[in-house]
Every structure is written in C-alpha cells, then in structure tokens.
Number of protein chains: 2
Amino acid sequence: MPPLLSIGEFSQVTHLSVRTLRRYHEAGLLEPARVDPASGYRSYGPEQIPTAQVIHRLRELDVPLAEVGRILASPSTEDRARLVAGHLQRLEDQLQRTRSAVASLRRLLHPEPAPLPVELRRVPATLVAAVEGTVGSDDVLDWYSAAMAQLDAAVPAPAGPPGGLYDNALFTDGHGQAVVYLPVSHAPPATGRVRARTLPAAELAVTVHPGEHDTIDVTYGRLGSWVVRSALAVAGPVRETYLVGPRDTPDPARWRTEIGWPVFRVAPG
Amino acid sequence: MPPLLSIGEFSQVTHLSVRTLRRYHEAGLLEPARVDPASGYRSYGPEQIPTAQVIHRLRELDVPLAEVGRILASPSTEDRARLVAGHLQRLEDQLQRTRSAVASLRRLLHPEPAPLPVELRRVPATLVAAVEGTVGSDDVLDWYSAAMAQLDAAVPAPAGPPGGLYDNALFTDGHGQAVVYLPVSHAPPATGRVRARTLPAAELAVTVHPGEHDTIDVTYGRLGSWVVRSALAVAGPVRETYLVGPRDTPDPARWRTEIGWPVFRVAPG
DNA sequence: TCTTGACCCTCCCGCAGGGGGAGCCCGCAG
DNA sequence: CTGCGGGCTCCCCCTGCGGGAGGGTCAAGA
C-alpha cells in the first residue's frame, strides 16, 4: 500500500498552497490519488509530486491553467515539448514588447522639445493591390508579413513604397480591420487574397516617424496633438507608408514610416 | 478657448479604448478637462495626450494602476524617475525568475534518473547567531542579504557555514517566518537584529542541491518524495545550509546547498 | 420640427488566479 | 468529553479589462 499524503502534507512538499491544490483539482489538472467519498478529504501520492512541480513552473511562466491542462494531457513528449516551446516563444515576444514599452517610456519622460514637422496633404485616390483582413493586435505582425509576401509575389513592379490602413479599433479594442497594399499603375489580376482596390482621396495630416516602431505611439500622440490644435478632427483609418522599412535596410535606425491621419476641418466656434 | 475632444476622439488619438479611459477617470489617473454636469459627457484637452500615453506605457509594463497614480502624482522629476526605475528593477527580477522557471522546467521535463542521495541525520541542538523575521517570498532575497551582512559584522569567527530556517508557509502562502544564522561557539552579544538562538535537535532528511537555486524546487520535490516513501513525515521549518555559496565562489555552478527537512517516523500501518 | 443614428452615460457580468474568511465536519489527544 | 488542528464547501474580494443591456444626448438630414 503506497503512502498517501493529506492535502496539507502535499502542500508542504510541493510548496503549493492548500487552496491552490484544491483549485488544481477542481480544474482537473491534478486529480488526488484518492478522495474519501464520505468526508471529501483529498489524498495525494508521492508520484504526483513531479506533476505538481511542473504545474507550478508553468504557472510561474504565466501559462494559463487550461493550457497547462493541455500540456499535461498531451500523450507524447514531443507534443509537450512543442507546446512548451510555443510558450517560451510567447515569453520572448512579451520580452520584446516590454523592451519597446521601456524605450517608449523613456522618450515620453525625456521629451524632445523639437517640434514635430507635420504637413497637411491632400492625396488623390490611388490604385493599389491590397490584402485585407480583420486581425487582433497581437497577430498584426504575423498577418502583415504573410500579406506582404503575397503582395510581393503578385506585384512585380510596384509604383511606390508599401503601406497599410489600420482601423482605429485595432489599437483601442485590440482587433479591427487592416489593409496592406502596394501602389500599382494597372490593376493586377486577383491572386490569392490579393485584390485591386482604390484608396479614396483624403486630406491627411502627415508626419514621418524615424527609426523602429518601438516608440511610434509617441509620434502618433504628437501628431494627434497637432491635429487637435489645428482645429481639425480625425476621420477614418490611419494610413502608414513604409518609406524605408525592413525590406530596404536591416538597420531599424534608418527606417522611415510616414503616418497619415485623415482629417477634416472642424467648424470654428 | 482650447479645443476639447470627446472621449471617442480622445480614444482615437491616444489608442486607448473608451472603456479604459472611463476606468482611468474613475481611478483618478486621468481626470477629463471637463465633465458636463448635465449629461456626464467627458471632454479631454490635447495637453492630456502625453499623460494618457505615459499611463499606456506604464500599463504595458504591468505597473498597477495605483502605482501609476503615485507616479503621476509625484511632484518632482526625480521622484518619478526613481519610481519608474524601481519598476524596471522589478521587471529585471521577474525576468530572472522567468529564467529560473524555464531552467527548472527543463530539468523536470528531462529528469535525471540518478537517484538522489539522501541521508537521515540526527543533529544536536546548535548555538547560532541569528536574524529572524517575517518576510514575503518576494522580499526574501533582499531580506536575506541584509541579514547576512549584519551577521557577518556581528560574528567574526563563525563555527560553520551559514544557514537558514524557512517556514513552510513562506513557500505555500507567500509569507512566513524566516531565520538566517551563523553557527557560533559562544553566544555573541545582541547587536542590531542579531540574537543568540539555539536550534533544536532534530532528525533531518538531508540532501545536497548542487548549483544555483534556479532548480532547487526540483530537489525539494525529490527529497519530499524520498521522505514520503520512507514512511516519514515532514515536521517544522526546512533548514538550508549554504555549504558553498556566493560568499565562497562567484561561480554558481559550484554552489552546494544542503537541504534538511525535519522528519518524524509515521507509525506503520 | 422630427427622426435617425452615432455617440455617450451607468451598471452588471464575465475572465483569470488567486486570497480571506465563514460555517461545518472529522479525528485525535488530553 | 472537550478542545483543537486539520479538512471540507461556499461566497465575496482583488486586478484590469471586455461585452452587453438599457437609457440619455446631440447633430445632421428630411
């Protein structure tokens, strides 16, 4: 007969709190070796210690309980390794975002007093080859690179640098409509997700964000500030134009991103 | 008269959702420039855009709203910088913990089959110079180094390597009693927080954890497993003895930490 | 002037993972 | 037999955010 541990004893050897163990039971992550039908008392076996520790570690990595369950339930070691590797990748991404936020914060706290050069520009309707979709802000980067690859394949000779149209909801609500495009002189045949599209004419408040996109929100804010102070109001999705981007130079410091915010004049008074 | 923005417009220029802006108002972080007394409509001024962005960045760094409030309310730039620096430090620490968890997880998923050498040892009561306190598991490291510095100052010639006594609640509930000590041959005078203390005699299940403390929980689990299978039960706080530690060598790979878990025999059957 | 639709308001519920605590049962030891 | 240290369940609270209901406001167009 194997030695069984009360929940309190198991808590001591695993360094998990009693409450947490109960929750893990409830969530189906760590079924006690025995549950007394009369009293409901939980008993754990020593062979469950490693499982408890794996859960502990995964939780330290902020893996959601549901995902932990999936990892524990996966039959093969490779599956487990793949799921865990996926999470480590997500941690990497998060670290990158943290770095960006730190960089952005630094700029905000040590603001450059140089005024932002903004130009009010009336742009005509433009023919483009575009890929359109509804995305979550987490997936934008993946979605963007996939779309851009399709565009590059479909458009041999673009008439200008690539650009994107981003719904405001994408930033504020975390998901929304996005369009990436390449200007063309003639409508291309529809291939894959690539479609011909005409960007409407608009009046844009335009500025250029230099460098990588870490701190682009600062530039957005300064542009927004300019727009408001100029008695204008924003209307419609933002247009970004990648004047110099990763396809042109691997050095992020040399990137140049044009931000164009559609505006209209607010009646004075 | 300065141009004022509706909450929706402000949401668009700051990339914060309307709901979030309302929450920040409620939390006192970002008071609208005007609130219509009749309709309750919020209006924001363009000068609030940078503030909104600072909040946005801080939230991306998982700074709690209360702390954001403190940062925004702090009068001097130095205070602000200090608070932010503190948070960046916390991010660093968290990163370190993440690294530890990853390392630990790797060991758990690729377990070493070598059996853990465990010794059952009866230790006599020991006279020590000790610093005692109730700490949260987050502060243990800071608390430990401060206490050890005091001990080193008070005890010129210790009779053995330093050690610690850690309440189980410290691991499971996140806070509990902790003691660090240096063995002495004669009771030292009480200086600062340093007191003479006698560790009670005990029967300990003892093993040694090699290397840094990243994966010490794995060793804890294996030791716990051994204890249970040997028909023993844990009793009282864990004793760690730092046979070889940071004070001996800067190379963590050569550290050796002895873990002693007080046990008692469980009546068979 | 009325209607319509976009916008705004408040309030409640949900999510994740826990913590705190009430109120009760259970078993053991003095 | 009584106390006490566990164990049990159930409920509410916390954080920061989203979804949605139900209702008020405001401006443009008919």
# chains A, B, ... in the order shown; residues from 1 in each chain; ligands from 1
>>> closest_atom_pairs(of="chain C", to="chain B", cutoff="10 Å", atoms="only C-alpha atoms (C1' of nucleotides)", output="CSV")
residue,atom,partner,partner_atom,distance
C:DC7,C1',B:Gly8,CA,8.1
C:DC8,C1',B:Tyr41,CA,6.4
C:DC9,C1',B:Gly40,CA,6.6
C:DT10,C1',B:Gly40,CA,9.9
C:DG19,C1',B:Asp173,CA,9.3
>>> write_last_selection(atoms="N, CA and C atoms (P, O5', C5', C4', C3', O3' and C1' of nucleotides)", output="PDB file, in the first residue's frame")
ATOM      1  P    DC C   7     -19.708  57.481 -34.117  1.00  0.00           P
ATOM      2  O5'  DC C   7     -19.839  57.846 -32.575  1.00  0.00           O
ATOM      3  C5'  DC C   7     -19.898  59.199 -32.219  1.00  0.00           C
ATOM      4  C4'  DC C   7     -20.609  59.362 -30.907  1.00  0.00           C
ATOM      5  C3'  DC C   7     -19.920  58.728 -29.712  1.00  0.00           C
ATOM      6  O3'  DC C   7     -19.101  59.708 -29.102  1.00  0.00           O
ATOM      7  C1'  DC C   7     -22.312  58.748 -29.566  1.00  0.00           C
ATOM      8  P    DC C   8     -18.086  59.260 -27.969  1.00  0.00           P
ATOM      9  O5'  DC C   8     -18.960  59.277 -26.632  1.00  0.00           O
ATOM     10  C5'  DC C   8     -19.448  60.507 -26.128  1.00  0.00           C
ATOM     11  C4'  DC C   8     -20.466  60.244 -25.046  1.00  0.00           C
ATOM     12  C3'  DC C   8     -19.986  59.349 -23.917  1.00  0.00           C
ATOM     13  O3'  DC C   8     -19.495  60.117 -22.842  1.00  0.00           O
ATOM     14  C1'  DC C   8     -22.244  58.860 -24.583  1.00  0.00           C
ATOM     15  P    DC C   9     -18.940  59.381 -21.564  1.00  0.00           P
ATOM     16  O5'  DC C   9     -20.251  58.918 -20.777  1.00  0.00           O
ATOM     17  C5'  DC C   9     -21.018  59.896 -20.108  1.00  0.00           C
ATOM     18  C4'  DC C   9     -22.241  59.256 -19.467  1.00  0.00           C
ATOM     19  C3'  DC C   9     -21.922  58.146 -18.484  1.00  0.00           C
ATOM     20  O3'  DC C   9     -21.671  58.687 -17.223  1.00  0.00           O
ATOM     21  C1'  DC C   9     -23.739  57.526 -19.901  1.00  0.00           C
ATOM     22  P    DT C  10     -20.802  57.811 -16.200  1.00  0.00           P
ATOM     23  O5'  DT C  10     -21.861  56.792 -15.589  1.00  0.00           O
ATOM     24  C5'  DT C  10     -23.113  57.260 -15.100  1.00  0.00           C
ATOM     25  C4'  DT C  10     -24.023  56.075 -14.816  1.00  0.00           C
ATOM     26  C3'  DT C  10     -23.451  55.058 -13.830  1.00  0.00           C
ATOM     27  O3'  DT C  10     -24.416  54.754 -12.845  1.00  0.00           O
ATOM     28  C1'  DT C  10     -24.100  53.970 -15.840  1.00  0.00           C
ATOM     29  P    DG C  19      -3.095  32.349  -2.899  1.00  0.00           P
ATOM     30  O5'  DG C  19      -3.981  33.509  -2.258  1.00  0.00           O
ATOM     31  C5'  DG C  19      -3.491  34.848  -2.285  1.00  0.00           C
ATOM     32  C4'  DG C  19      -4.377  35.713  -1.415  1.00  0.00           C
ATOM     33  C3'  DG C  19      -4.565  35.201   0.006  1.00  0.00           C
ATOM     34  O3'  DG C  19      -4.467  36.298   0.901  1.00  0.00           O
ATOM     35  C1'  DG C  19      -6.678  35.436  -1.049  1.00  0.00           C
TER      36       DG C  19
END
>>> residues_around(residues="DG23 (chain C)", least_positions_apart="4", cutoff="12 Å", atoms="only C-alpha atoms (C1' of nucleotides)", output="MDAnalysis selection string")
chainID D and resid 8:11
>>> residues_around(residues="region 144-159 of chain B", least_positions_apart="4", cutoff="10 Å", atoms="only C-alpha atoms (C1' of nucleotides)", output="JSON, numbers by chain")
{"B": [127, 128, 129, 130, 131, 132, 133, 135, 139, 140, 163, 164, 178, 179, 180, 181, 182, 183, 184, 185, 186, 187, 188, 189, 190, 191, 192, 193, 194, 195]}
>>> select_by_dssp(residues="region 36-260 of chain B", states="strand (DSSP E or B)", output="ChimeraX atom specification")
/B:42-44,119-123,126-136,163-166,175-183,191,194-199,202-210,232-234,238-244,256-260
>>> residues_around(residues="Gly176 (chain B)", least_positions_apart="2", cutoff="6 Å", atoms="only C-alpha atoms (C1' of nucleotides)", output="list in words")
Thr134, Val135, Asp167, Ala169 and Leu170 of chain B
>>> interface_residues(of="chain B", to="chain D", cutoff="9 Å", atoms="only C-alpha atoms (C1' of nucleotides)", output="PyMOL selection string")
chain B and resi 19-20+39+64-65
>>> interface_residues(of="chain A", to="chain B", cutoff="6 Å", atoms="only C-alpha atoms", output="list in words")
Val13, His15, Leu16, Ser17, Pro46, Arg57, Ala101, Leu105, Phe171, Thr172, Asp173, Gly224 and Ser225 of chain A
